[in-house]
Number of protein chains: 2
Amino acid sequence: MKQFTISSSKKIDLNDFCPTDTDKLDKKDIQDKYLELQEKFIELQEVFYASKKFSLLIILQGMDCSGKDGTVKKALAGVNPNGFVVQSFKQPTLLESEHDYLWRAHKETPIKGNITVFNRSYYEDVLVTRVHKMINDPIALARFKEITEFEKYLVSNGTIILKFFLHISKEFQQKKLLSRLETPEKHWKFSMADLAERKFWDKYQQCYADVLSNCSTEQAPWYVVPADHRWFRDYFILQRIVTTLEDLKLGYPAMNGTIAQLIEEVKESN
Amino acid sequence: MKQFTISSSKKIDLNDFCPTDTDKLDKKDIQDKYLELQEKFIELQEVFYASKKFSLLIILQGMDCSGKDGTVKKALAGVNPNGFVVQSFKQPTLLESEHDYLWRAHKETPIKGNITVFNRSYYEDVLVTRVHKMINDPIALARFKEITEFEKYLVSNGTIILKFFLHISKEFQQKKLLSRLETPEKHWKFSMADLAERKFWDKYQQCYADVLSNCSTEQAPWYVVPADHRWFRDYFILQRIVTTLEDLKLGYPAMNGTIAQLIEEVKESN
């Protein structure tokens, strides 16, 4: 797992991370383990929800076709929808863009006991905006610091943050775009914007590398998830979430009051 | 199904509805059908989400222990969390209570393509408030009309509304409360407030009957769901949702533009 984790500021080159990496695992090696993880996740979420001690924020970022929606649908399906929220951030509304860039995200951070997935996030404000020169480098650098401080603040106040960069190859994106065009039931997933953004591939990769280099901390590390193999992506992310929840060692909250007496009261209440 | 549906204003007596009713079905009769419904629901939700034509609002109301959370967890598990939202309404915050009573609910109504479950709703403003005499009868009557108009407005603007009253017996509630007290992992579900509210059982039943009598329309009917048998509750609700989605006869949206040309463009984009 270590080779995929970035937990401190250092210069990152995405060429050092292979999108087809599977950590020497085979799909069939992990099938049983995966089912086990899904069961564990469901159990752990229940305790997490009941205990109301922490919040869990999961950030998904990646190029178009990297599988952000798919991660939610595949790796996190089966979750109890009570206490589980998916928040997609699209182009800001007029009102949102009149606020500072963290405003709309902060409103949607999870309450205690909840898990919230950000499908894209405030990181877009140092990615798409930078690729298209809506902000310059000094502003980007300032934002890296602001984001790091914001995450530090959230962590200090009981939010656990997991940040996954879904890393795909340029060839894989092409294959996915073609598959969307060639399958009528997938046409709705095809967007002309994706094709336009593909032309900026290298620039995006550079901006992502800068994010990983500048916004990785011990408390809120980035995970570079090799995502050309969907099964490995799902396995990796689910495992990371389960391990995080397990490490909390949460239990169901104990009850205040005398149980025996309450039982009597209920029995008498007809 | 008809006997459980209230689609027009008429005097309702909840004694005419049996909480243990299973529509002459046996649990084992519906097991295959239930799995089939779950699969269908997942397929239909995908098309619903892709087509972005309608919104679906599901309202769950019922006494404490009637299984509102359980309905979401059991009947609706497996749903793609993208485009599926559970919104729980608890005691209003100070800000919420300074607004009109529909305000906080209106903010959370589903966007096109989304399904939102209201776990409790603005109906609490003619239930708990009425039981505890925070509003008088003329205000309750005025609210019945306002709520009916509000729902009519939502329906006219593309929201489909399904309202489920989870109908349990007083004995069943007692059994559930005891089970929560007798099982340590369920202690967190026990609330002293539930025990206090149980004393107002009859008054609640009367207020629920008034809601069903006054706020049922062709466009936004109430379903009285016998909920003492959890399997029947889940089966009933899932079936109603699936039928509603099927009746829309939605298809994946067609694509604008020449597919062949786009395929060429993607192939050339290296």
# chains A, B, ... in the order shown; residues from 1 in each chain; ligands from 1

call {"tool": "residues_around", "arguments": {"residues": "Pro253 (chain A)", "least_positions_apart": "6", "cutoff": "10 Å", "atoms": "only C-alpha atoms", "output": "ChimeraX atom specification"}}
result
/A:47,50-53 /B:184-189

call {"tool": "closest_atom_pairs", "arguments": {"of": "chain A", "to": "chain B", "cutoff": "7 Å", "atoms": "only C-alpha atoms", "output": "tab-separated table"}}
result
residue	atom	partner	partner_atom	distance
A:Ala50	CA	B:Trp188	CA	6.3
A:Asp69	CA	B:Asn82	CA	6.9
A:Val72	CA	B:Pro81	CA	6.6
A:Lys73	CA	B:Asn80	CA	5.1
A:Ala77	CA	B:Gly78	CA	5.6
A:Gly78	CA	B:Gly78	CA	4.7
A:Val79	CA	B:Ala77	CA	6.9
A:Asn80	CA	B:Lys73	CA	5.1
A:Pro81	CA	B:Lys73	CA	6.3
A:Asn82	CA	B:Val86	CA	6.2
A:Val85	CA	B:Val85	CA	6.8
A:Val86	CA	B:Asn82	CA	6.2
A:Gln174	CA	B:Val266	CA	6.5
A:Leu178	CA	B:Ile263	CA	6.2
A:Leu181	CA	B:Ile259	CA	6.5
A:Glu185	CA	B:Tyr252	CA	5.9
A:His187	CA	B:Met255	CA	6.1
A:Trp188	CA	B:Pro253	CA	6.0
A:Tyr252	CA	B:Glu185	CA	5.9
A:Pro253	CA	B:Trp188	CA	6.0
A:Ala254	CA	B:His187	CA	6.9
A:Met255	CA	B:His187	CA	6.0
A:Ile259	CA	B:Leu181	CA	6.5
A:Ile263	CA	B:Leu178	CA	6.2
A:Val266	CA	B:Gln174	CA	6.5

call {"tool": "closest_residue", "arguments": {"among": "A:Ala140, A:Cys18, A:Ala209, A:Ile241", "to": "Ile168 (chain A)", "atoms": "only C-alpha atoms"}}
result
A:Cys18

call {"tool": "residues_around", "arguments": {"residues": "Lys33 (chain B)", "least_positions_apart": "4", "cutoff": "12 Å", "atoms": "only C-alpha atoms", "output": "ChimeraX atom specification"}}
result
/B:25-29,37-40,234-236,238-239,242

call {"tool": "select_by_dssp", "arguments": {"residues": "region 148-197 of chain B", "states": "alpha helix (DSSP H)", "output": "VMD selection string"}}
result
chain B and resid 148 to 156 170 to 182 192 to 197

call {"tool": "write_last_selection", "arguments": {"atoms": "N, CA and C atoms", "output": "PDB file, in the first residue's frame"}}
result
ATOM      1  N   THR B 148     -51.255  20.214   0.371  1.00  0.00           N
ATOM      2  CA  THR B 148     -51.837  19.659  -0.858  1.00  0.00           C
ATOM      3  C   THR B 148     -51.483  20.528  -2.063  1.00  0.00           C
ATOM      4  N   GLU B 149     -51.539  21.840  -1.874  1.00  0.00           N
ATOM      5  CA  GLU B 149     -51.183  22.762  -2.961  1.00  0.00           C
ATOM      6  C   GLU B 149     -49.694  22.669  -3.301  1.00  0.00           C
ATOM      7  N   PHE B 150     -48.881  22.570  -2.271  1.00  0.00           N
ATOM      8  CA  PHE B 150     -47.430  22.466  -2.456  1.00  0.00           C
ATOM      9  C   PHE B 150     -47.093  21.208  -3.259  1.00  0.00           C
ATOM     10  N   GLU B 151     -47.733  20.107  -2.899  1.00  0.00           N
ATOM     11  CA  GLU B 151     -47.454  18.848  -3.608  1.00  0.00           C
ATOM     12  C   GLU B 151     -47.967  18.912  -5.051  1.00  0.00           C
ATOM     13  N   LYS B 152     -49.101  19.558  -5.233  1.00  0.00           N
ATOM     14  CA  LYS B 152     -49.660  19.732  -6.588  1.00  0.00           C
ATOM     15  C   LYS B 152     -48.660  20.516  -7.448  1.00  0.00           C
ATOM     16  N   TYR B 153     -48.108  21.538  -6.850  1.00  0.00           N
ATOM     17  CA  TYR B 153     -47.124  22.382  -7.534  1.00  0.00           C
ATOM     18  C   TYR B 153     -45.882  21.570  -7.913  1.00  0.00           C
ATOM     19  N   LEU B 154     -45.382  20.773  -6.971  1.00  0.00           N
ATOM     20  CA  LEU B 154     -44.201  19.949  -7.255  1.00  0.00           C
ATOM     21  C   LEU B 154     -44.484  18.974  -8.397  1.00  0.00           C
ATOM     22  N   VAL B 155     -45.660  18.335  -8.333  1.00  0.00           N
ATOM     23  CA  VAL B 155     -46.029  17.369  -9.377  1.00  0.00           C
ATOM     24  C   VAL B 155     -46.107  18.062 -10.733  1.00  0.00           C
ATOM     25  N   SER B 156     -46.722  19.240 -10.768  1.00  0.00           N
ATOM     26  CA  SER B 156     -46.833  19.991 -12.032  1.00  0.00           C
ATOM     27  C   SER B 156     -45.468  20.342 -12.600  1.00  0.00           C
ATOM     28  N   LYS B 170     -49.743  -1.083  18.156  1.00  0.00           N
ATOM     29  CA  LYS B 170     -49.161  -0.620  19.424  1.00  0.00           C
ATOM     30  C   LYS B 170     -48.337  -1.738  20.087  1.00  0.00           C
ATOM     31  N   GLU B 171     -48.793  -2.979  19.908  1.00  0.00           N
ATOM     32  CA  GLU B 171     -48.067  -4.131  20.478  1.00  0.00           C
ATOM     33  C   GLU B 171     -46.707  -4.291  19.793  1.00  0.00           C
ATOM     34  N   PHE B 172     -46.731  -4.055  18.485  1.00  0.00           N
ATOM     35  CA  PHE B 172     -45.489  -4.203  17.728  1.00  0.00           C
ATOM     36  C   PHE B 172     -44.452  -3.183  18.197  1.00  0.00           C
ATOM     37  N   GLN B 173     -44.904  -1.962  18.436  1.00  0.00           N
ATOM     38  CA  GLN B 173     -43.981  -0.928  18.907  1.00  0.00           C
ATOM     39  C   GLN B 173     -43.365  -1.329  20.248  1.00  0.00           C
ATOM     40  N   GLN B 174     -44.205  -1.873  21.111  1.00  0.00           N
ATOM     41  CA  GLN B 174     -43.716  -2.313  22.415  1.00  0.00           C
ATOM     42  C   GLN B 174     -42.632  -3.376  22.267  1.00  0.00           C
ATOM     43  N   LYS B 175     -42.914  -4.337  21.399  1.00  0.00           N
ATOM     44  CA  LYS B 175     -41.962  -5.422  21.143  1.00  0.00           C
ATOM     45  C   LYS B 175     -40.617  -4.858  20.665  1.00  0.00           C
ATOM     46  N   LYS B 176     -40.705  -3.896  19.753  1.00  0.00           N
ATOM     47  CA  LYS B 176     -39.487  -3.290  19.196  1.00  0.00           C
ATOM     48  C   LYS B 176     -38.707  -2.514  20.251  1.00  0.00           C
ATOM     49  N   LEU B 177     -39.423  -1.758  21.072  1.00  0.00           N
ATOM     50  CA  LEU B 177     -38.752  -0.990  22.133  1.00  0.00           C
ATOM     51  C   LEU B 177     -38.032  -1.931  23.090  1.00  0.00           C
ATOM     52  N   LEU B 178     -38.702  -3.016  23.428  1.00  0.00           N
ATOM     53  CA  LEU B 178     -38.079  -4.004  24.321  1.00  0.00           C
ATOM     54  C   LEU B 178     -36.838  -4.604  23.675  1.00  0.00           C
ATOM     55  N   SER B 179     -36.957  -4.915  22.397  1.00  0.00           N
ATOM     56  CA  SER B 179     -35.821  -5.530  21.704  1.00  0.00           C
ATOM     57  C   SER B 179     -34.626  -4.573  21.671  1.00  0.00           C
ATOM     58  N   ARG B 180     -34.904  -3.278  21.525  1.00  0.00           N
ATOM     59  CA  ARG B 180     -33.812  -2.305  21.545  1.00  0.00           C
ATOM     60  C   ARG B 180     -33.135  -2.243  22.917  1.00  0.00           C
ATOM     61  N   LEU B 181     -33.938  -2.405  23.956  1.00  0.00           N
ATOM     62  CA  LEU B 181     -33.374  -2.349  25.308  1.00  0.00           C
ATOM     63  C   LEU B 181     -32.645  -3.637  25.671  1.00  0.00           C
ATOM     64  N   GLU B 182     -33.120  -4.743  25.121  1.00  0.00           N
ATOM     65  CA  GLU B 182     -32.555  -6.038  25.498  1.00  0.00           C
ATOM     66  C   GLU B 182     -31.327  -6.432  24.677  1.00  0.00           C
ATOM     67  N   MET B 192     -35.311   7.968  24.899  1.00  0.00           N
ATOM     68  CA  MET B 192     -36.305   8.223  25.943  1.00  0.00           C
ATOM     69  C   MET B 192     -37.523   8.914  25.348  1.00  0.00           C
ATOM     70  N   ALA B 193     -37.276   9.709  24.313  1.00  0.00           N
ATOM     71  CA  ALA B 193     -38.384  10.442  23.684  1.00  0.00           C
ATOM     72  C   ALA B 193     -39.415   9.463  23.106  1.00  0.00           C
ATOM     73  N   ASP B 194     -38.926   8.340  22.572  1.00  0.00           N
ATOM     74  CA  ASP B 194     -39.855   7.360  21.985  1.00  0.00           C
ATOM     75  C   ASP B 194     -40.822   6.838  23.043  1.00  0.00           C
ATOM     76  N   LEU B 195     -40.256   6.620  24.229  1.00  0.00           N
ATOM     77  CA  LEU B 195     -41.089   6.113  25.315  1.00  0.00           C
ATOM     78  C   LEU B 195     -42.113   7.169  25.747  1.00  0.00           C
ATOM     79  N   ALA B 196     -41.656   8.413  25.779  1.00  0.00           N
ATOM     80  CA  ALA B 196     -42.560   9.513  26.149  1.00  0.00           C
ATOM     81  C   ALA B 196     -43.671   9.669  25.102  1.00  0.00           C
ATOM     82  N   GLU B 197     -43.304   9.603  23.829  1.00  0.00           N
ATOM     83  CA  GLU B 197     -44.289   9.808  22.763  1.00  0.00           C
ATOM     84  C   GLU B 197     -45.320   8.675  22.716  1.00  0.00           C
TER      85      GLU B 197
END

call {"tool": "atom_distance", "arguments": {"atom1": "CA of Ile139 (chain B)", "atom2": "CA of Val225 (chain B)"}}
result
27.5 Å

call {"tool": "decode", "arguments": {"residues": "region 11-122 of chain A", "atoms": "C-alpha atoms", "output": "short mmCIF file (atom, residue, chain, number, x, y, z; two decimals), in the first residue's frame"}}
result
data_model
loop_
_atom_site.label_atom_id
_atom_site.label_comp_id
_atom_site.auth_asym_id
_atom_site.auth_seq_id
_atom_site.Cartn_x
_atom_site.Cartn_y
_atom_site.Cartn_z
CA LYS A 11 7.99 16.52 -5.61
CA ILE A 12 5.73 14.03 -7.38
CA ASP A 13 6.12 12.85 -10.96
CA LEU A 14 3.07 10.92 -12.17
CA ASN A 15 5.27 8.94 -14.57
CA ASP A 16 6.51 7.11 -11.48
CA PHE A 17 3.01 5.71 -10.96
CA CYS A 18 1.73 3.10 -13.39
CA PRO A 19 -2.05 3.26 -14.08
CA THR A 20 -2.14 -0.49 -14.77
CA ASP A 21 -0.35 -1.43 -11.54
CA THR A 22 -2.18 -4.06 -9.49
CA ASP A 23 0.32 -4.42 -6.64
CA LYS A 24 1.28 -7.88 -7.99
CA LEU A 25 -2.28 -9.08 -7.41
CA ASP A 26 -4.55 -10.96 -9.75
CA LYS A 27 -8.28 -10.34 -9.99
CA LYS A 28 -9.07 -13.87 -8.83
CA ASP A 29 -6.68 -13.59 -5.86
CA ILE A 30 -8.78 -10.91 -4.25
CA GLN A 31 -12.34 -12.05 -5.00
CA ASP A 32 -13.00 -13.62 -1.60
CA LYS A 33 -11.19 -10.84 0.20
CA TYR A 34 -13.29 -8.29 -1.68
CA LEU A 35 -16.59 -9.82 -0.58
CA GLU A 36 -15.25 -9.91 2.95
CA LEU A 37 -14.33 -6.23 2.72
CA GLN A 38 -17.83 -5.35 1.51
CA GLU A 39 -19.38 -7.11 4.49
CA LYS A 40 -16.94 -5.49 6.88
CA PHE A 41 -17.63 -2.07 5.40
CA ILE A 42 -21.35 -2.45 6.00
CA GLU A 43 -20.81 -3.54 9.61
CA LEU A 44 -18.28 -0.80 10.30
CA GLN A 45 -20.50 1.88 8.78
CA GLU A 46 -23.30 0.92 11.14
CA VAL A 47 -21.07 1.40 14.20
CA PHE A 48 -19.63 4.58 12.72
CA TYR A 49 -23.16 5.93 12.20
CA ALA A 50 -24.37 4.85 15.64
CA SER A 51 -21.39 6.23 17.55
CA LYS A 52 -21.56 9.72 16.02
CA LYS A 53 -17.97 10.39 17.04
CA PHE A 54 -16.33 11.21 13.73
CA SER A 55 -17.19 12.28 10.20
CA LEU A 56 -15.62 10.67 7.16
CA LEU A 57 -14.95 12.69 4.03
CA ILE A 58 -13.89 10.78 0.93
CA ILE A 59 -12.59 12.88 -1.95
CA LEU A 60 -12.54 11.42 -5.45
CA GLN A 61 -10.57 13.21 -8.13
CA GLY A 62 -9.39 12.09 -11.53
CA MET A 63 -9.48 12.77 -15.25
CA ASP A 64 -12.71 12.29 -17.19
CA CYS A 65 -13.41 8.53 -17.49
CA SER A 66 -11.26 7.77 -14.45
CA GLY A 67 -14.27 6.19 -12.78
CA LYS A 68 -15.42 8.51 -10.02
CA ASP A 69 -19.11 7.60 -10.47
CA GLY A 70 -18.16 3.96 -10.93
CA THR A 71 -16.27 3.89 -7.64
CA VAL A 72 -19.39 5.01 -5.81
CA LYS A 73 -21.60 2.61 -7.73
CA LYS A 74 -19.34 -0.45 -7.47
CA ALA A 75 -17.06 -0.16 -4.45
CA LEU A 76 -19.57 1.54 -2.19
CA ALA A 77 -22.84 -0.09 -3.29
CA GLY A 78 -24.56 -2.01 -0.53
CA VAL A 79 -23.83 0.71 1.97
CA ASN A 80 -26.74 1.74 4.18
CA PRO A 81 -28.00 4.92 2.46
CA ASN A 82 -28.82 6.38 5.89
CA GLY A 83 -25.77 8.40 6.79
CA PHE A 84 -24.12 8.10 3.39
CA VAL A 85 -24.07 11.08 1.06
CA VAL A 86 -22.64 11.57 -2.42
CA GLN A 87 -21.99 15.18 -3.30
CA SER A 88 -21.05 15.98 -6.90
CA PHE A 89 -19.42 19.29 -7.62
CA LYS A 90 -20.05 20.55 -11.13
CA GLN A 91 -19.40 23.95 -12.62
CA PRO A 92 -20.16 26.49 -9.86
CA THR A 93 -23.50 28.28 -9.95
CA LEU A 94 -23.49 32.06 -10.09
CA LEU A 95 -24.14 32.24 -6.34
CA GLU A 96 -21.36 29.76 -5.61
CA SER A 97 -18.87 31.61 -7.76
CA GLU A 98 -19.67 34.81 -5.89
CA HIS A 99 -18.38 33.12 -2.73
CA ASP A 100 -14.85 32.01 -1.95
CA TYR A 101 -14.00 28.65 -3.50
CA LEU A 102 -14.22 26.60 -0.28
CA TRP A 103 -17.71 27.87 0.61
CA ARG A 104 -19.85 25.42 -1.33
CA ALA A 105 -17.72 22.48 -0.22
CA HIS A 106 -17.71 23.43 3.44
CA LYS A 107 -21.52 23.50 3.45
CA GLU A 108 -21.53 19.85 2.38
CA THR A 109 -18.95 18.35 4.74
CA PRO A 110 -20.32 15.35 6.64
CA ILE A 111 -21.99 15.63 10.02
CA LYS A 112 -20.78 13.34 12.82
CA GLY A 113 -21.59 9.71 12.03
CA ASN A 114 -21.93 10.36 8.32
CA ILE A 115 -19.78 9.42 5.36
CA THR A 116 -19.78 11.91 2.51
CA VAL A 117 -18.16 11.32 -0.86
CA PHE A 118 -17.08 14.39 -2.78
CA ASN A 119 -17.24 13.50 -6.47
CA ARG A 120 -14.81 16.22 -7.52
CA SER A 121 -14.17 18.91 -4.92
CA TYR A 122 -12.44 22.20 -4.15
#
